[in-house]
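Below you'll find the structure, written out as structure tokens, and then a few comments.
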Number of protein chains: 2
Amino acid sequence: MKDLPTYQALVDSFSKLPGVGAKSAQRMAYSVLEMEEEDALEFSKAIYDAKSKIHKCPRCGLYAEGELCDVCSDETRDHKTCVVISMAKDAAPFEKMGYRGVFHVLGGSLSPVKGIGAGDLSIDPLIERVEKEGLEEVILATNPTLEGETTALFIAKLLEGKVRVSRLGYGLPMGASLEYADALTLQKALEGRKNL
Amino acid sequence: MKDLPTYQALVDSFSKLPGVGAKSAQRMAYSVLEMEEEDALEFSKAIYDAKSKIHKCPRCGLYAEGELCDVCSDETRDHKTCVVISMAKDAAPFEKMGYRGVFHVLGGSLSPVKGIGAGDLSIDPLIERVEKEGLEEVILATNPTLEGETTALFIAKLLEGKVRVSRLGYGLPMGASLEYADALTLQKALEGRKNL
């Protein structure tokens with residue numbers, strides 16, 4: 001079966017997915033061969049459709065099928081509070097917890113090592129939104145990593161005096177065990193302690 | 001993003017793959033959105049092509065792109081020795097260890113529980129091949145499970161007196177899946193095959 005070029009092409013495509021190794025890719029490709037014709041064609045079409053129908057929301061950068069994304073076009077949401085995230089997928093936990101503001105997707109984090117500078121991220125459009133949409137608060141929710149930190153500080157400086165800028169709080173994750181907390185997290189948790 | 005029907009359709013398709021849970025399916029669908037347009041279209045096409053170009057070899061049941069599969073159309077192989085397997089994927093470990101005979105795919109195992117009877121498997125065509133192709137040995141390589149055992153004994157009885165019938169040696173641990181057999185174990189099993 002390894003000699004079938006069509007099969008090999010399918011294995012190669014599956015290998016490009018995150019967390020899919022050579023063996024898994026083969027199992028998946030094989031399962032496509034064993035699938036009902038209808039399911040396989042639906043699968044092929046689903047990928048094609050996703051790529052041709054879904055685009056980035058021109059306002060916030062989340063994925064959208066309509067002109068604007070579901071968040072930007074929802075008038076019941078608070079359009080004055082904006083959570084800034086690195087990638088579109090980072091919006092999912094906010095949606096899950098019931099966040100009702102809007103988002104802005106940067107498209108990555110600043111990284112001198114990877115050669116990602118301010119011009120590569122959606123930072124200018126964010127500043128434009130602050131002014132044009134009259135945002136009242138920008139909550140920086142980049143990842144708590146060196147790159148995410150740097151990006152947050154960089155944007156905070158640019159927005160200084162223009163809008164209230166905040167950063168997600170650091171500390172122990174809920175449900176975590178103190179025993180396994182790393183030193184840096186614990187230090188942040190101590191710094192962010194609150195009076196009871 | 002959960003509200004995008006096109007995205008949801010893609011997640012559903014990924015969920016149908018073996019070993020892919022809800023969370024993995026979402027990660028995979030998301031990665032398709034983040035993919036280069038070209039890679040995604042190639043992926044979509046690979047699935048379509050696999051389903052439209054690859055079919056079962058009319059002689060042995062392995063997957064093929066040409067009229068016959070690569071094994072059946074290879075004249076340098078020993079066409080008098082035939083390994084009988086349940087599923088096409090079970091041929092992979094044989095190919096890996098350098099087996100040079102041919103195959104016959106049953107398409108499953110006898111299973112009263114699942115309602116799979118002799119008529120549901122490619123057993124009659126196997127008997128026809130024994131006579132028409134003048135096979136000299138049929139090596140029953142169904143899985144070393146209860147169902148595989150039953151299937152092997154059933155076929156051995158049908159072929160009694162018509163051809164030399166053997167069963168893979170018990171180098172294979174009971175309850176294992178042939179798909180994951182390592183080459184050495186498989187070689188031992190081949191060497192230790194017994195006449196039935």
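Ordering of the structure tokens sets the chain letters (A, B, ...), residue numbers begin anew at 1 in every chain, and ligands are numbered from 1 in the order given.
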>> Please identify all residues of chain B having at least one atom at most 7 Å from any atom of chain A, considering only C-alpha atoms, and return them as a ChimeraX atom specification.
In response: /B:1,4,6-7,9-10,13,17-18,28,31,33,37,40-41,43-51,63,65
Output of the above residues as a tab-separated table (two decimals), in the first residue's frame, restricted to C-alpha atoms:
chain	number	residue	atom	x	y	z
B	1	MET	CA	-15.80	29.87	16.19
B	4	LEU	CA	-19.43	28.59	12.21
B	6	THR	CA	-18.45	25.19	7.97
B	7	TYR	CA	-15.97	24.86	10.81
B	9	ALA	CA	-18.63	20.29	9.64
B	10	LEU	CA	-14.85	20.00	9.47
B	13	SER	CA	-15.28	14.92	9.79
B	17	LEU	CA	-11.07	9.30	12.25
B	18	PRO	CA	-9.76	6.56	14.53
B	28	MET	CA	-7.00	19.69	13.59
B	31	SER	CA	-4.91	23.93	11.95
B	33	LEU	CA	-7.79	27.22	8.89
B	37	GLU	CA	-4.22	27.71	1.09
B	40	ALA	CA	-5.35	22.74	2.49
B	41	LEU	CA	-6.48	22.32	-1.10
B	43	PHE	CA	-5.33	17.87	1.59
B	44	SER	CA	-8.89	18.13	0.29
B	45	LYS	CA	-7.81	16.74	-3.05
B	46	ALA	CA	-5.80	13.93	-1.46
B	47	ILE	CA	-8.93	12.64	0.27
B	48	TYR	CA	-10.97	12.95	-2.90
B	49	ASP	CA	-8.29	11.24	-4.98
B	50	ALA	CA	-7.78	8.44	-2.48
B	51	LYS	CA	-11.47	7.67	-2.60
B	63	TYR	CA	-5.87	-1.59	-2.27
B	65	GLU	CA	-4.53	2.16	-8.16
>> Quick check for you: according to DSSP on this backbone, which residues of stretch 13-188 of chain A are classed as strand (DSSP E or B)? Reply as a PyMOL selection string.
In response: chain A and resi 55-56+63-64+81-85+102-105+111+116+137-140+164-167
Now that the selection is made, can you save its residues with C-alpha atoms as a PDB file, in the first residue's frame?
ATOM      1  CA  HIS A  55     -11.896  34.131   6.428  1.00  0.00           C
ATOM      2  CA  LYS A  56     -10.508  36.413   9.090  1.00  0.00           C
ATOM      3  CA  TYR A  63     -12.537  33.540  11.974  1.00  0.00           C
ATOM      4  CA  ALA A  64     -15.782  34.470  10.254  1.00  0.00           C
ATOM      5  CA  THR A  81     -14.054  46.176  26.345  1.00  0.00           C
ATOM      6  CA  CYS A  82     -11.517  44.391  24.167  1.00  0.00           C
ATOM      7  CA  VAL A  83      -9.439  41.321  25.007  1.00  0.00           C
ATOM      8  CA  VAL A  84      -6.228  41.193  22.963  1.00  0.00           C
ATOM      9  CA  ILE A  85      -5.053  37.683  22.112  1.00  0.00           C
ATOM     10  CA  VAL A 102     -14.983  41.811  22.023  1.00  0.00           C
ATOM     11  CA  PHE A 103     -11.565  40.580  20.852  1.00  0.00           C
ATOM     12  CA  HIS A 104      -8.541  41.645  18.882  1.00  0.00           C
ATOM     13  CA  VAL A 105      -6.240  39.017  17.387  1.00  0.00           C
ATOM     14  CA  SER A 111       9.920  37.372  18.790  1.00  0.00           C
ATOM     15  CA  ILE A 116       8.613  38.594  14.206  1.00  0.00           C
ATOM     16  CA  GLU A 137     -10.512  49.045  28.259  1.00  0.00           C
ATOM     17  CA  VAL A 138      -7.956  46.882  26.516  1.00  0.00           C
ATOM     18  CA  ILE A 139      -7.197  43.648  28.387  1.00  0.00           C
ATOM     19  CA  LEU A 140      -3.893  42.185  27.228  1.00  0.00           C
ATOM     20  CA  ARG A 164      -7.223  51.890  30.217  1.00  0.00           C
ATOM     21  CA  VAL A 165      -4.875  48.968  29.617  1.00  0.00           C
ATOM     22  CA  SER A 166      -4.813  45.882  31.853  1.00  0.00           C
ATOM     23  CA  ARG A 167      -3.095  42.510  31.840  1.00  0.00           C
TER      24      ARG A 167
END
>> Going by DSSP on the backbone, which residues of stretch 71-173 of chain A come out as alpha helix (DSSP H)? List them as a PyMOL selection string.
In response: chain A and resi 91-97+124-133+146-159
Take the residues from that selection and put them in a file with N, CA and C atoms, as a compact mmCIF listing (two decimals), in the first residue's frame.
# COMPACT_ATOMS: atom_id res chain seq x y z
N ALA A 91 -9.39 32.67 21.85
CA ALA A 91 -10.70 33.23 22.22
C ALA A 91 -11.59 32.17 22.86
N ALA A 92 -11.34 30.91 22.53
CA ALA A 92 -12.22 29.82 22.99
C ALA A 92 -12.43 29.79 24.51
N PRO A 93 -11.36 29.82 25.35
CA PRO A 93 -11.61 29.78 26.80
C PRO A 93 -12.40 30.99 27.31
N PHE A 94 -12.24 32.15 26.65
CA PHE A 94 -13.02 33.33 27.06
C PHE A 94 -14.50 33.12 26.76
N GLU A 95 -14.76 32.59 25.59
CA GLU A 95 -16.15 32.33 25.19
C GLU A 95 -16.79 31.33 26.15
N LYS A 96 -15.98 30.33 26.53
CA LYS A 96 -16.47 29.27 27.41
C LYS A 96 -16.84 29.82 28.79
N MET A 97 -16.06 30.80 29.28
CA MET A 97 -16.33 31.34 30.61
C MET A 97 -17.40 32.42 30.59
N ASP A 124 -0.98 48.03 14.74
CA ASP A 124 -1.49 49.32 14.25
C ASP A 124 -3.02 49.31 14.16
N PRO A 125 -3.62 48.23 13.63
CA PRO A 125 -5.08 48.18 13.58
C PRO A 125 -5.71 48.26 14.97
N LEU A 126 -5.01 47.72 15.99
CA LEU A 126 -5.54 47.79 17.36
C LEU A 126 -5.59 49.24 17.83
N ILE A 127 -4.51 49.96 17.59
CA ILE A 127 -4.46 51.38 17.99
C ILE A 127 -5.55 52.17 17.28
N GLU A 128 -5.73 51.84 16.02
CA GLU A 128 -6.78 52.49 15.24
C GLU A 128 -8.17 52.21 15.83
N ARG A 129 -8.37 50.94 16.26
CA ARG A 129 -9.66 50.58 16.85
C ARG A 129 -9.90 51.35 18.15
N VAL A 130 -8.83 51.49 18.96
CA VAL A 130 -8.96 52.20 20.24
C VAL A 130 -9.52 53.59 19.98
N GLU A 131 -8.98 54.25 18.94
CA GLU A 131 -9.41 55.61 18.64
C GLU A 131 -10.78 55.64 17.95
N LYS A 132 -10.94 54.81 16.96
CA LYS A 132 -12.14 54.86 16.14
C LYS A 132 -13.38 54.33 16.86
N GLU A 133 -13.19 53.24 17.62
CA GLU A 133 -14.34 52.64 18.28
C GLU A 133 -14.54 53.15 19.70
N LEU A 146 7.71 34.50 27.87
CA LEU A 146 8.61 35.63 27.64
C LEU A 146 8.12 36.45 26.45
N GLU A 147 7.77 35.76 25.35
CA GLU A 147 7.32 36.46 24.14
C GLU A 147 5.99 37.17 24.36
N GLY A 148 5.08 36.50 25.07
CA GLY A 148 3.77 37.09 25.33
C GLY A 148 3.90 38.32 26.22
N GLU A 149 4.77 38.21 27.21
CA GLU A 149 5.04 39.31 28.13
C GLU A 149 5.57 40.53 27.38
N THR A 150 6.58 40.29 26.56
CA THR A 150 7.22 41.35 25.79
C THR A 150 6.18 42.06 24.92
N THR A 151 5.34 41.25 24.26
CA THR A 151 4.31 41.81 23.39
C THR A 151 3.34 42.68 24.18
N ALA A 152 2.93 42.18 25.35
CA ALA A 152 1.99 42.93 26.19
C ALA A 152 2.59 44.27 26.62
N LEU A 153 3.84 44.23 27.06
CA LEU A 153 4.49 45.47 27.53
C LEU A 153 4.64 46.46 26.38
N PHE A 154 4.99 45.94 25.21
CA PHE A 154 5.16 46.79 24.02
C PHE A 154 3.86 47.51 23.68
N ILE A 155 2.76 46.76 23.69
CA ILE A 155 1.45 47.35 23.34
C ILE A 155 0.99 48.32 24.43
N ALA A 156 1.25 47.94 25.69
CA ALA A 156 0.84 48.80 26.82
C ALA A 156 1.48 50.18 26.67
N LYS A 157 2.75 50.19 26.26
CA LYS A 157 3.48 51.45 26.11
C LYS A 157 2.87 52.29 24.98
N LEU A 158 2.52 51.62 23.88
CA LEU A 158 1.93 52.34 22.74
C LEU A 158 0.58 52.95 23.09
N LEU A 159 -0.16 52.28 23.97
CA LEU A 159 -1.52 52.73 24.29
C LEU A 159 -1.57 53.65 25.51
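Picture a line from atom CA of B:Ile123 to atom CA of B:Leu106; it runs 6.5 Å.
In terms of minimum interatomic distance to B:Asp120, B:Ser86 ranks closest within B:Ala183, B:Asn143, B:His79, B:Ser86, counting only C-alpha atoms.
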> Hey, can you check how far atom CA of B:Leu168 sits from atom CA of B:Arg193?
Replying inline: 4.6 Å
> Expressed in Å to a single decimal, how great is the separation between atom CA of B:Gly98 and atom CA of B:Asp182?
Replying inline: 12.3 Å
